[in-house]
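Here is run25.cif, consisting of mmCIF, C-alpha atoms:
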data_work
loop_
_atom_site.label_atom_id
_atom_site.label_comp_id
_atom_site.auth_asym_id
_atom_site.auth_seq_id
_atom_site.Cartn_x
_atom_site.Cartn_y
_atom_site.Cartn_z
CA MET W 14 84.23 103.39 87.09
CA GLN W 15 85.39 103.84 83.52
CA THR W 16 83.47 107.13 83.33
CA PHE W 17 84.88 108.24 86.67
CA LEU W 18 88.50 107.62 85.56
CA GLU W 19 87.92 109.37 82.24
CA ASN W 20 86.40 112.48 83.83
CA ALA W 21 88.69 112.86 86.84
CA LEU W 22 91.04 115.84 86.88
CA ARG W 23 94.61 115.17 85.74
CA ASP W 24 97.85 116.25 87.36
CA PRO W 25 98.83 119.45 85.44
CA ILE W 26 102.52 118.52 85.15
CA SER W 27 102.66 114.73 84.85
CA GLY W 28 99.34 114.39 83.01
CA GLU W 29 98.50 111.36 85.16
CA MET W 30 95.32 110.80 87.13
CA GLY W 31 95.17 113.51 89.78
CA LYS W 32 95.48 112.41 93.38
CA THR W 33 92.13 111.05 94.52
CA ILE W 34 90.42 109.92 97.73
CA ILE W 35 87.42 107.59 97.48
CA PHE W 36 85.12 107.13 100.50
CA THR W 37 83.36 103.76 100.60
CA VAL W 38 80.70 102.01 102.68
CA SER W 39 82.79 99.28 104.35
CA GLN W 40 86.15 97.52 104.50
CA ASN W 41 84.94 94.88 102.04
CA HIS W 42 83.62 97.55 99.69
CA ALA W 43 86.98 99.33 99.82
CA ALA W 44 88.89 96.10 99.12
CA LYS W 45 86.71 95.18 96.14
CA LEU W 46 86.84 98.68 94.68
CA THR W 47 90.64 98.79 95.03
CA GLN W 48 90.88 95.52 93.13
CA ILE W 49 88.61 96.79 90.33
CA LEU W 50 90.57 100.04 89.98
CA ASN W 51 93.90 98.24 89.76
CA GLU W 52 92.55 95.85 87.14
CA MET W 53 91.27 98.80 85.10
CA ALA W 54 94.59 100.63 85.49
CA ASP W 55 96.42 97.59 84.16
CA LYS W 56 94.30 97.76 80.99
CA LEU W 57 94.39 101.55 80.62
CA TYR W 58 98.11 101.93 81.40
CA PRO W 59 99.80 98.60 80.53
CA GLY W 60 103.00 97.97 82.46
CA ARG W 61 102.90 101.24 84.36
CA TYR W 62 101.46 100.01 87.65
CA ASN W 63 101.82 96.82 89.71
CA SER W 64 98.49 96.80 91.56
CA ASP W 65 99.52 100.07 93.21
CA PHE W 66 97.47 102.53 91.15
CA ALA W 67 94.91 102.36 93.97
CA VAL W 68 95.46 101.23 97.56
CA GLN W 69 93.09 100.40 100.38
CA VAL W 70 93.69 102.71 103.35
CA THR W 71 91.43 101.47 106.13
CA SER W 72 91.85 100.66 109.82
CA LEU W 73 92.38 96.92 109.25
CA ILE W 74 95.25 97.47 106.79
CA HIS W 75 98.69 97.27 108.37
CA GLY W 76 100.51 100.60 108.18
CA ALA W 77 97.42 102.50 107.00
CA GLN W 78 98.28 105.58 109.07
CA GLN W 79 101.74 105.77 107.49
CA MET W 80 100.14 105.40 104.06
CA THR W 81 98.10 108.55 104.68
CA LEU W 82 101.31 110.42 105.53
CA ASN W 83 103.17 109.08 102.49
CA PHE W 84 100.31 110.19 100.22
CA THR W 85 100.54 113.86 101.26
CA ASP W 86 102.20 116.52 99.13
CA LYS W 87 104.92 116.80 101.79
CA SER W 88 106.04 113.16 101.34
CA ASN W 89 104.67 112.14 97.92
CA ASN W 90 106.10 108.63 98.05
CA LEU W 91 103.21 106.24 98.63
CA ASN W 92 104.44 103.05 96.92
CA GLY W 93 107.37 105.08 95.63
CA THR W 94 107.62 108.18 93.52
CA GLY W 95 105.82 108.13 90.18
CA ASN W 96 107.98 107.51 87.14
CA PHE W 97 105.71 109.68 84.98
CA ASN W 98 108.17 112.56 84.68
CA PRO W 99 111.81 112.37 85.86
CA VAL W 100 111.90 116.01 86.97
CA TYR W 101 108.66 115.85 88.97
CA ARG W 102 108.03 114.28 92.36
CA THR W 103 104.60 112.79 93.08
CA SER W 104 103.29 109.55 94.55
CA LYS W 105 103.09 106.57 92.25
CA THR W 106 99.79 105.59 93.88
CA ARG W 107 97.07 107.89 92.55
CA ILE W 108 94.00 106.77 94.52
CA CYS W 109 93.45 106.05 98.22
CA VAL W 110 90.28 104.05 98.92
CA THR W 111 89.09 104.47 102.48
CA VAL W 112 86.02 104.32 104.70
CA GLY W 113 86.40 106.69 107.64
CA MET W 114 90.08 107.63 107.56
CA MET W 115 91.39 110.76 105.79
CA THR W 116 88.20 112.68 106.63
CA THR W 117 89.01 115.21 109.36
CA GLY W 118 92.36 116.81 110.09
CA TYR W 119 94.00 115.32 106.99
CA ASP W 120 95.97 117.79 104.91
CA CYS W 121 97.01 116.78 101.39
CA THR W 122 96.91 119.96 99.34
CA ASP W 123 97.41 118.39 95.90
CA ILE W 124 94.20 116.32 96.01
CA LEU W 125 92.26 116.93 92.80
CA ASN W 126 89.39 114.44 93.07
CA ILE W 127 87.05 113.44 95.91
CA CYS W 128 84.69 110.55 95.29
CA LEU W 129 81.75 109.76 97.59
CA MET W 130 80.67 106.14 97.23
CA ARG W 131 78.83 106.13 100.53
CA PRO W 132 76.07 108.19 102.11
CA ILE W 133 76.99 110.89 104.61
CA PHE W 134 74.58 111.71 107.42
CA SER W 135 76.40 114.52 109.22
CA PRO W 136 76.79 118.06 107.83
CA GLN W 137 80.07 118.36 109.72
CA ASP W 138 81.40 115.19 108.03
CA PHE W 139 80.28 116.44 104.62
CA ILE W 140 82.02 119.79 105.08
CA GLN W 141 85.21 118.10 106.33
CA ILE W 142 85.32 115.58 103.46
CA LYS W 143 84.63 118.27 100.86
CA GLY W 144 87.36 120.33 102.51
CA ARG W 145 89.99 117.73 101.56
CA GLY W 146 89.84 119.15 98.04
CA THR W 147 89.69 122.88 98.81
CA ARG W 148 93.34 123.30 99.92
CA LYS W 149 95.44 125.63 97.78
CA HIS W 150 98.46 124.13 96.03
CA ASN W 151 101.07 124.95 93.38
CA PHE W 152 102.25 121.82 91.60
CA SER W 153 105.52 123.45 90.50
CA GLU W 154 106.72 123.13 94.10
CA GLN W 155 107.17 119.40 93.44
CA LEU W 156 109.66 119.88 90.63
CA VAL W 157 113.05 118.33 91.41
CA ASP W 158 114.83 120.98 89.35
CA VAL W 159 113.83 124.41 90.66
CA GLY W 160 115.11 125.90 87.41
CA LEU W 161 112.05 124.50 85.66
CA LYS W 162 109.55 126.42 87.81
CA GLU W 163 109.37 129.24 85.29
CA GLU W 164 108.36 126.76 82.58
CA PHE W 165 105.56 125.39 84.76
CA LYS W 166 104.62 128.65 86.49
CA ASN W 167 100.86 128.43 85.78
CA THR W 168 100.22 125.26 87.76
CA GLU W 169 98.28 126.60 90.71
CA LYS W 170 95.39 124.45 91.85
CA LYS W 171 92.24 126.36 90.92
CA THR W 172 89.56 123.69 91.23
CA PHE W 173 88.83 120.13 92.25
CA LYS W 174 86.13 117.62 91.33
CA LEU W 175 83.71 115.96 93.72
CA PHE W 176 82.05 112.79 92.38
CA ASP W 177 78.93 112.02 94.38
CA PHE W 178 77.14 108.68 93.91
CA PHE W 179 74.72 109.11 96.85
CA ALA W 180 73.26 112.62 96.30
CA ASN W 181 75.08 113.91 99.38
CA CYS W 182 75.74 117.24 97.66
CA GLU W 183 72.13 117.60 96.60
CA TYR W 184 71.02 117.15 100.19
CA PHE W 185 73.60 119.20 102.07
CA GLU W 186 73.99 121.94 99.47
CA GLU W 187 70.31 122.37 98.55
CA LYS W 188 67.95 120.77 101.06
CA PHE W 189 69.73 120.91 104.40
CA ASN W 190 68.96 124.05 106.41
CA TYR W 191 72.20 125.14 108.08
CA ASP W 192 70.42 128.16 109.58
CA VAL W 193 67.73 126.29 111.47
CA VAL W 194 67.47 127.41 115.10
CA LEU W 195 68.01 124.45 117.40
CA LYS W 196 65.88 124.18 120.52
CA LEU W 197 68.06 123.87 123.57
CA PRO W 198 67.10 121.32 126.23
CA ALA W 199 65.21 122.66 129.20
CA LYS W 200 67.39 123.89 132.06
CA PRO W 201 67.33 121.46 135.00
CA SER W 202 65.06 122.67 137.77
CA LYS W 203 66.46 123.80 141.12
CA LYS W 204 65.93 121.79 144.26
CA GLY W 205 62.60 122.49 145.88
CA GLN W 206 60.99 123.79 142.68
CA GLY W 207 59.82 120.46 141.38
CA GLY W 208 61.60 117.94 139.19
CA ASP W 209 64.48 115.71 140.16
CA GLY W 210 67.15 116.80 137.64
CA PRO W 211 70.70 117.50 138.79
CA THR W 212 71.59 120.99 139.96
CA PRO W 213 74.26 122.50 137.72
CA ILE W 214 77.61 123.32 139.35
CA GLU W 215 78.25 127.02 138.90
CA GLU W 216 81.69 127.21 140.56
CA TYR W 217 84.64 124.84 140.89
CA GLU W 218 87.65 125.35 143.12
CA THR W 219 90.88 123.34 143.22
CA PHE W 220 94.10 123.76 145.17
CA GLU W 221 96.26 121.70 142.81
CA GLU W 222 99.21 123.37 141.12
CA ASP W 223 98.44 124.80 137.70
CA LYS W 224 100.67 122.68 135.46
CA VAL W 225 100.37 125.08 132.55
CA LEU W 226 101.67 127.99 134.63
CA SER W 227 104.53 125.84 135.89
CA LEU W 228 105.84 125.16 132.38
CA GLN W 229 108.93 127.12 131.40
CA GLU W 230 109.83 128.04 127.86
CA GLU W 231 113.48 127.75 126.89
CA GLN W 232 114.77 129.49 123.77
CA ILE W 233 117.26 127.42 121.76
CA GLY W 234 119.04 129.30 119.02
CA MET W 235 120.29 127.89 115.76
CA GLU W 236 123.73 127.33 117.26
CA GLY W 237 122.22 125.00 119.84
CA MET W 238 120.41 122.81 117.34
CA ARG W 239 123.13 120.46 116.18
CA ILE W 240 120.96 117.96 114.38
CA ASP W 241 119.03 120.02 111.91
CA ARG W 242 119.21 121.23 108.34
CA MET W 243 121.93 123.77 109.22
CA PHE W 244 124.14 120.91 110.38
CA PHE W 245 123.76 119.13 107.04
CA ASN W 246 124.27 122.38 105.08
CA LYS W 247 127.53 123.08 106.91
CA PHE W 248 128.80 119.60 106.06
CA GLU W 249 127.71 120.12 102.45
CA ASP W 250 129.64 123.39 102.21
CA GLU W 251 132.80 121.78 103.59
CA MET W 252 132.61 118.94 101.06
CA LYS W 253 132.17 121.30 98.12
CA GLN W 254 135.02 123.55 99.24
CA ASP W 255 137.49 120.68 99.56
CA ASP W 256 139.38 120.51 96.25
CA PHE W 257 140.58 116.95 96.84
CA ILE W 258 137.02 115.67 97.33
CA ALA W 259 135.56 117.64 94.42
CA GLU W 260 138.28 116.52 92.00
CA ASN W 261 138.07 112.84 92.89
CA VAL W 262 134.25 112.78 92.88
CA HIS W 263 134.39 114.25 89.37
CA GLU W 264 136.80 111.49 88.31
CA GLY W 265 134.75 108.77 90.01
CA LYS W 266 137.51 107.71 92.43
CA TRP W 267 135.16 106.77 95.24
CA ASP W 268 137.64 104.72 97.29
CA LEU W 269 139.91 107.76 97.62
CA VAL W 270 136.98 110.05 98.42
CA LEU W 271 135.40 107.86 101.10
CA ASN W 272 138.71 106.95 102.77
CA TYR W 273 139.73 110.60 102.88
CA ILE W 274 136.42 111.74 104.42
CA ASN W 275 136.41 108.95 107.01
CA GLU W 276 140.01 109.61 108.05
CA GLU W 277 140.19 113.41 107.83
CA ILE W 278 136.67 114.72 108.47
CA MET W 279 134.30 112.27 110.17
CA ASN W 280 134.18 111.91 113.98
CA LYS W 281 136.51 114.85 114.61
CA PRO W 282 136.04 116.87 117.83
CA GLU W 283 135.21 120.25 116.26
CA GLU W 284 131.95 119.31 114.52
CA TYR W 285 131.83 115.57 115.17
CA TYR W 286 130.18 114.65 111.88
CA THR W 287 128.66 111.15 111.91
CA ILE W 288 126.48 109.28 109.46
CA GLU W 289 123.71 109.07 112.05
CA LYS W 290 123.68 112.83 112.67
CA LEU W 291 123.69 113.55 108.94
CA ARG W 292 120.81 111.10 108.38
CA LYS W 293 118.69 112.78 111.04
CA ALA W 294 119.54 116.21 109.68
CA ALA W 295 118.46 115.11 106.21
CA GLU W 296 115.19 113.71 107.69
CA VAL W 297 115.48 110.35 105.96
CA ASP W 298 113.55 107.32 107.26
CA ARG W 299 116.33 104.81 106.64
CA ARG W 300 120.08 104.31 106.92
CA LEU W 301 122.18 106.38 104.54
CA THR W 302 125.63 105.52 103.23
CA LEU W 303 128.42 108.07 103.09
CA ARG W 304 128.56 107.64 99.33
CA GLU W 305 124.85 108.50 98.97
CA ILE W 306 125.38 111.67 100.99
CA ILE W 307 128.31 112.77 98.82
CA GLU W 308 126.39 111.91 95.63
CA LYS W 309 123.52 114.12 96.78
CA ILE W 310 125.87 116.98 97.72
CA PHE W 311 127.51 116.97 94.28
CA GLY W 312 124.21 116.63 92.39
CA LEU W 313 124.74 113.05 91.20
CA ILE W 314 121.34 112.09 92.68
CA PRO W 315 118.43 114.58 92.97
CA TYR W 316 117.33 113.57 96.49
CA PHE W 317 117.52 110.78 99.08
CA LYS W 318 115.02 108.09 98.23
CA SER W 319 112.74 107.02 101.04
CA LYS W 320 112.43 103.49 102.35
CA ASP W 321 109.16 103.03 100.44
CA GLU W 322 110.74 104.14 97.18
CA LEU W 323 113.65 101.73 97.58
CA LEU W 324 111.27 98.88 98.45
CA GLU W 325 109.27 99.65 95.34
CA GLU W 326 112.40 99.65 93.19
CA GLU W 327 113.55 96.29 94.59
CA PHE W 328 110.10 94.76 94.08
CA ASN W 329 109.98 95.98 90.47
CA LYS W 330 113.39 94.38 89.83
CA PHE W 331 112.11 91.15 91.35
CA ILE W 332 108.93 90.86 89.29
CA SER W 333 110.80 91.82 86.11
CA ASP W 334 112.99 88.74 86.65
CA TYR W 335 110.29 86.39 87.97
CA LYS W 336 107.15 87.42 86.15
CA PRO W 337 103.93 86.51 88.03
CA ASN W 338 101.01 85.14 86.05
CA GLU W 339 97.39 86.24 86.16
CA LYS W 340 96.55 83.83 89.01
CA ASP W 341 99.15 85.32 91.37
CA ASP W 342 98.03 87.95 93.86
CA ILE W 343 100.47 90.80 93.16
CA ILE W 344 99.42 92.77 96.25
CA ALA W 345 100.06 89.74 98.48
CA LEU W 346 103.46 89.19 96.87
CA LYS W 347 104.43 92.82 97.37
CA TYR W 348 103.26 92.80 100.98
CA PHE W 349 105.34 89.69 101.72
CA PHE W 350 108.34 91.09 99.83
CA HIS W 351 108.24 94.40 101.75
CA ALA W 352 107.59 92.77 105.12
CA TYR W 353 110.38 90.21 104.70
CA ILE W 354 112.88 92.98 104.00
CA THR W 355 111.85 95.32 106.83
CA ASP W 356 110.78 92.92 109.62
CA ASN W 357 113.58 91.07 111.43
CA LYS W 358 111.09 88.98 113.37
CA LEU W 359 109.33 87.82 110.21
CA ARG W 360 112.63 86.78 108.64
CA ASP W 361 113.43 84.74 111.74
CA ILE W 362 109.99 83.08 111.66
CA ILE W 363 110.34 82.12 107.99
CA GLU W 364 113.96 81.01 108.33
CA LYS W 365 113.25 78.77 111.33
CA LYS W 366 109.84 77.65 110.01
CA LYS W 367 108.06 78.74 113.20
CA PHE W 368 104.88 79.47 111.24
CA ASN W 369 102.58 79.23 114.28
CA GLU W 370 104.08 82.52 115.45
CA LEU W 371 102.53 84.24 112.44
CA ASN W 372 99.21 84.02 114.30
CA VAL W 373 100.44 86.74 116.66
CA ASN W 374 102.83 88.62 114.39
CA PRO W 375 101.38 92.15 113.95
CA SER W 376 103.17 93.22 110.76
CA PHE W 377 102.51 90.08 108.71
CA ASN W 378 100.10 87.41 109.94
CA ILE W 379 99.14 83.88 108.94
CA ASN W 380 96.35 85.06 106.62
CA ASP W 381 98.81 87.30 104.78
CA TYR W 382 101.17 84.33 104.40
CA LYS W 383 98.40 82.07 103.06
CA SER W 384 97.62 84.68 100.39
CA VAL W 385 101.12 84.20 98.95
CA GLY W 386 101.39 81.36 96.44
CA LYS W 387 103.38 78.35 97.70
CA SER W 388 106.18 78.69 95.16
CA TRP W 389 106.65 82.37 96.05
CA ARG W 390 106.94 81.64 99.78
CA MET W 391 110.38 80.14 99.19
CA LEU W 392 111.43 82.18 96.16
CA ILE W 393 111.02 85.63 97.76
CA PRO W 394 113.20 84.94 100.85
CA GLU W 395 115.91 83.37 98.69
CA TYR W 396 115.88 86.33 96.30
CA VAL W 397 116.07 88.87 99.15
CA LYS W 398 119.01 87.04 100.76
CA ASP W 399 120.90 86.92 97.46
CA TYR W 400 120.19 90.32 95.92
CA VAL W 401 118.81 92.85 98.43
CA PRO W 402 121.18 94.73 100.81
CA LEU W 403 119.04 94.85 103.95
CA ASN W 404 121.14 97.40 105.84
CA LYS W 405 119.95 100.32 103.70
CA PHE W 406 116.36 99.78 104.89
CA MET W 407 117.26 100.04 108.57
CA LEU W 408 117.49 103.09 110.81
#

Take the structure in the file and write it out as structure tokens.
Amino acid sequence: MQTFLENALRDPISGEMGKTIIFTVSQNHAAKLTQILNEMADKLYPGRYNSDFAVQVTSLIHGAQQMTLNFTDKSNNLNGTGNFNPVYRTSKTRICVTVGMMTTGYDCTDILNICLMRPIFSPQDFIQIKGRGTRKHNFSEQLVDVGLKEEFKNTEKKTFKLFDFFANCEYFEEKFNYDVVLKLPAKPSKKGQGGDGPTPIEEYETFEEDKVLSLQEEQIGMEGMRIDRMFFNKFEDEMKQDDFIAENVHEGKWDLVLNYINEEIMNKPEEYYTIEKLRKAAEVDRRLTLREIIEKIFGLIPYFKSKDELLEEEFNKFISDYKPNEKDDIIALKYFFHAYITDNKLRDIIEKKKFNELNVNPSFNINDYKSVGKSWRMLIPEYVKDYVPLNKFML
């Protein structure tokens, strides 16, 4: 693994390990490999990762499908955004370890490394897995400040690396004959000519209504789409053009700004601006505050942080105050911390000590709870109640 990490392609802007997918033999293999990679990352990059350099993305892991989406170049926030370069947006997690997920139909264009730690028996599977790395990508598109694109203009993805531990490439690229002519099965014989195979149906007639033909397409222009980017842009323009708002934002008089917007602009009949509409227009997966929106409009924050990024920030604050030791399972602590913040039902179970209900709780079960050290089971809920504003993680 040391050799693999040393030879993997690096992200051309951040210089970190390039995004990587590793395909393993089984769930247990994936779990063990994830543990090894995180232990190695802790030694290679002290203090930079909290057991989130690599993550297991398999069918038995809660939220695995969402993890695949967060890892893509469109989201780039799996376990938060990397703190490698403040002007560059990429996932903090660098490696996804999977078995059969992320093979077909998965599009993450900034993948730089594919690692095969399992045999592949299907040419179609081999081509699909190899194809995860062949997507074109320009890394400068992930710069927060578009003014820096000229500085990083030569960052197109020109190659990727495929690490093969099972000679899959040797077989499918050199020995497998893609041009072999396959023999089709014999056509079933007709009745009366011997044989008892089924007679193929050559025609099929139905009198049901064709549902495709009955569909009607309705054109909706930009004026009809109230909850979209244009809606947010219009609100943004109004805020910037209002001298009272601009002046008081510059002077940091937030009480005046927020009171003025709530009384003079929000919920008025003409546009009917609401926080909920603005959140949906901004495509954010959590509740936004009016102050956050105004900070983004006036460039005080570069973008709206996702729920995962905020969870990661809160967890990092927590472990900086209450430092776990080597015996503590950091992944289990993080899982409990995240789940307790985002799951109302789990908070109720813990608060009322109805632990038997964890046996049927889908987001965080009894085995997850047992993985958390006893002292942490009380400390994490108390910390969250005292220091974490839960409303910003809700929709």

Using all atoms listed in the file, pick whichever of W:Ser388, W:Ser104, W:Asn190, W:Asn151 has the shortest atom-to-atom distance to Leu82 (chain W).
->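 Looking only at the distances to Leu82 (chain W), the closest residue turns out to be W:Ser104.
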
Across W:Met391, W:Ser64, W:Asp55, W:Asp192, the smallest distance to Lys366 (chain W), with all atoms listed in the file counted, is shown by W:Met391

How many Å lie between CA of Gln69 (chain W) and CA of Val110 (chain W), rounded to one decimal?
->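 Separating CA of Gln69 (chain W) from CA of Val110 (chain W) is a distance of 4.8 Å.
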
Could you work out how far CA of Ala44 (chain W) lies from CA of Cys121 (chain W), giving the answer in Å with one decimal?
->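 CA of Cys121 (chain W) sits 22.3 Å away from CA of Ala44 (chain W).
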
Report the residues retrieved by the PyMOL selection byres ((chain W and resi 163-173) around 8) from the displayed file, expressed as a list in words.
->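 Here the PyMOL selection byres ((chain W and resi 163-173) around 8) matches Leu22, Pro25, Ile26, Asp123, Ile124, Leu125, Asn126, Ile127, Gly146, Thr147, Lys149, His150, Asn151, Phe152, Ser153, Gly160, Leu161, Lys162, Lys174 and Leu175 of chain W.
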
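Across the model, the gap from CA of Phe311 (chain W) to CA of Ile258 (chain W) is 10.1 Å.
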
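What the PyMOL selection byres ((chain W and resi 368-382) around 8) matches in the given file is His75, Ala345, Phe349, Ala352, Asp356, Leu359, Ile362, Ile363, Lys366, Lys367, Lys383, Ser384, Val385 and Arg390 of chain W.
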
Spatial neighbours of region 318-330 of chain W, 6 Å, only C-alpha atoms, chain gap at least 5 places, as a list in words =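 Returned residues: Asn92, Gly93, Arg299 and Phe406 of chain W.
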
Best match for closeness to Phe245 (chain W) among W:Asp361, W:Glu296, W:Asn280, W:Phe257, counting only C-alpha atoms =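 Comparing W:Asp361, W:Glu296, W:Asn280, W:Phe257 against Phe245 (chain W), the winner is W:Glu296.
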
For each of W:Lys253, W:Met80, W:Tyr101, W:Ser72, take the minimum atom-to-atom distance to Val159 (chain W), counting all atoms listed in the file, then give the residue where this is smallest.
-> W:Tyr101

In terms of the shortest atom-to-atom distance over all atoms listed in the file, which of W:Phe84, W:Ile288, W:Ile142, W:Ala295 is closest to Met243 (chain W)?
-> W:Ala295

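Of the residues listed (W:Gly312, W:Pro132, W:Pro198, W:Gly95), W:Pro132 shows the shortest atom-to-atom separation from Val112 (chain W); distances use all atoms listed in the file.
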
Taking the file as shown, what set of residues would the PyMOL selection byres ((chain W and resi 39) around 10) give back, as a count of residues only?
-> 14

Around the point (90.3, 102.4, 85.7) in the file's coordinates, collect all residues with an atom within 12 Å, using all atoms listed in the file, and return them as a ChimeraX atom specification.
-> /W:14-21,30,46-59,62,64,66-67,107-108

Near-Leu392 (chain W) list (12 Å; only C-alpha atoms; drop same-chain fewer than 6 positions) as number ranges by chain = W: 331-332, 334-335, 337, 346, 349-350, 353, 363, 385-386, 398-400

For region 344-364 of chain W, supply N, CA and C atoms and report the output as an mmCIF file, in the coordinates of the input.
data_model
loop_
_atom_site.group_PDB
_atom_site.id
_atom_site.type_symbol
_atom_site.label_atom_id
_atom_site.label_comp_id
_atom_site.auth_asym_id
_atom_site.auth_seq_id
_atom_site.Cartn_x
_atom_site.Cartn_y
_atom_site.Cartn_z
ATOM 1 N N ILE W 344 99.412 92.001 94.997
ATOM 2 C CA ILE W 344 99.420 92.770 96.250
ATOM 3 C C ILE W 344 99.960 91.914 97.387
ATOM 4 N N ALA W 345 99.556 90.634 97.448
ATOM 5 C CA ALA W 345 100.060 89.740 98.480
ATOM 6 C C ALA W 345 101.555 89.508 98.342
ATOM 7 N N LEU W 346 102.023 89.370 97.103
ATOM 8 C CA LEU W 346 103.460 89.190 96.870
ATOM 9 C C LEU W 346 104.238 90.407 97.323
ATOM 10 N N LYS W 347 103.742 91.590 96.974
ATOM 11 C CA LYS W 347 104.430 92.820 97.370
ATOM 12 C C LYS W 347 104.461 92.979 98.881
ATOM 13 N N TYR W 348 103.353 92.680 99.526
ATOM 14 C CA TYR W 348 103.260 92.800 100.980
ATOM 15 C C TYR W 348 104.278 91.882 101.652
ATOM 16 N N PHE W 349 104.378 90.639 101.167
ATOM 17 C CA PHE W 349 105.340 89.690 101.720
ATOM 18 C C PHE W 349 106.764 90.158 101.438
ATOM 19 N N PHE W 350 107.018 90.622 100.235
ATOM 20 C CA PHE W 350 108.340 91.090 99.830
ATOM 21 C C PHE W 350 108.790 92.247 100.731
ATOM 22 N N HIS W 351 107.921 93.244 100.909
ATOM 23 C CA HIS W 351 108.240 94.400 101.750
ATOM 24 C C HIS W 351 108.440 93.987 103.202
ATOM 25 N N ALA W 352 107.516 93.170 103.705
ATOM 26 C CA ALA W 352 107.590 92.770 105.120
ATOM 27 C C ALA W 352 108.836 91.951 105.400
ATOM 28 N N TYR W 353 109.208 91.059 104.483
ATOM 29 C CA TYR W 353 110.380 90.210 104.700
ATOM 30 C C TYR W 353 111.655 91.047 104.758
ATOM 31 N N ILE W 354 111.703 92.117 103.995
ATOM 32 C CA ILE W 354 112.880 92.980 104.000
ATOM 33 C C ILE W 354 112.964 93.811 105.278
ATOM 34 N N THR W 355 111.838 94.326 105.744
ATOM 35 C CA THR W 355 111.850 95.320 106.830
ATOM 36 C C THR W 355 111.608 94.746 108.215
ATOM 37 N N ASP W 356 111.150 93.491 108.318
ATOM 38 C CA ASP W 356 110.780 92.920 109.620
ATOM 39 C C ASP W 356 111.744 91.801 110.013
ATOM 40 N N ASN W 357 112.622 92.083 110.969
ATOM 41 C CA ASN W 357 113.580 91.070 111.430
ATOM 42 C C ASN W 357 112.888 89.844 111.999
ATOM 43 N N LYS W 358 111.799 90.091 112.737
ATOM 44 C CA LYS W 358 111.090 88.980 113.370
ATOM 45 C C LYS W 358 110.488 88.057 112.318
ATOM 46 N N LEU W 359 109.917 88.642 111.265
ATOM 47 C CA LEU W 359 109.330 87.820 110.210
ATOM 48 C C LEU W 359 110.400 86.971 109.522
ATOM 49 N N ARG W 360 111.551 87.564 109.259
ATOM 50 C CA ARG W 360 112.630 86.780 108.640
ATOM 51 C C ARG W 360 113.038 85.607 109.518
ATOM 52 N N ASP W 361 113.076 85.825 110.815
ATOM 53 C CA ASP W 361 113.430 84.740 111.740
ATOM 54 C C ASP W 361 112.362 83.648 111.730
ATOM 55 N N ILE W 362 111.083 84.047 111.692
ATOM 56 C CA ILE W 362 109.990 83.080 111.660
ATOM 57 C C ILE W 362 110.062 82.215 110.401
ATOM 58 N N ILE W 363 110.275 82.849 109.259
ATOM 59 C CA ILE W 363 110.340 82.120 107.990
ATOM 60 C C ILE W 363 111.578 81.229 107.944
ATOM 61 N N GLU W 364 112.703 81.759 108.382
ATOM 62 C CA GLU W 364 113.960 81.010 108.330
ATOM 63 C C GLU W 364 113.907 79.755 109.198
#
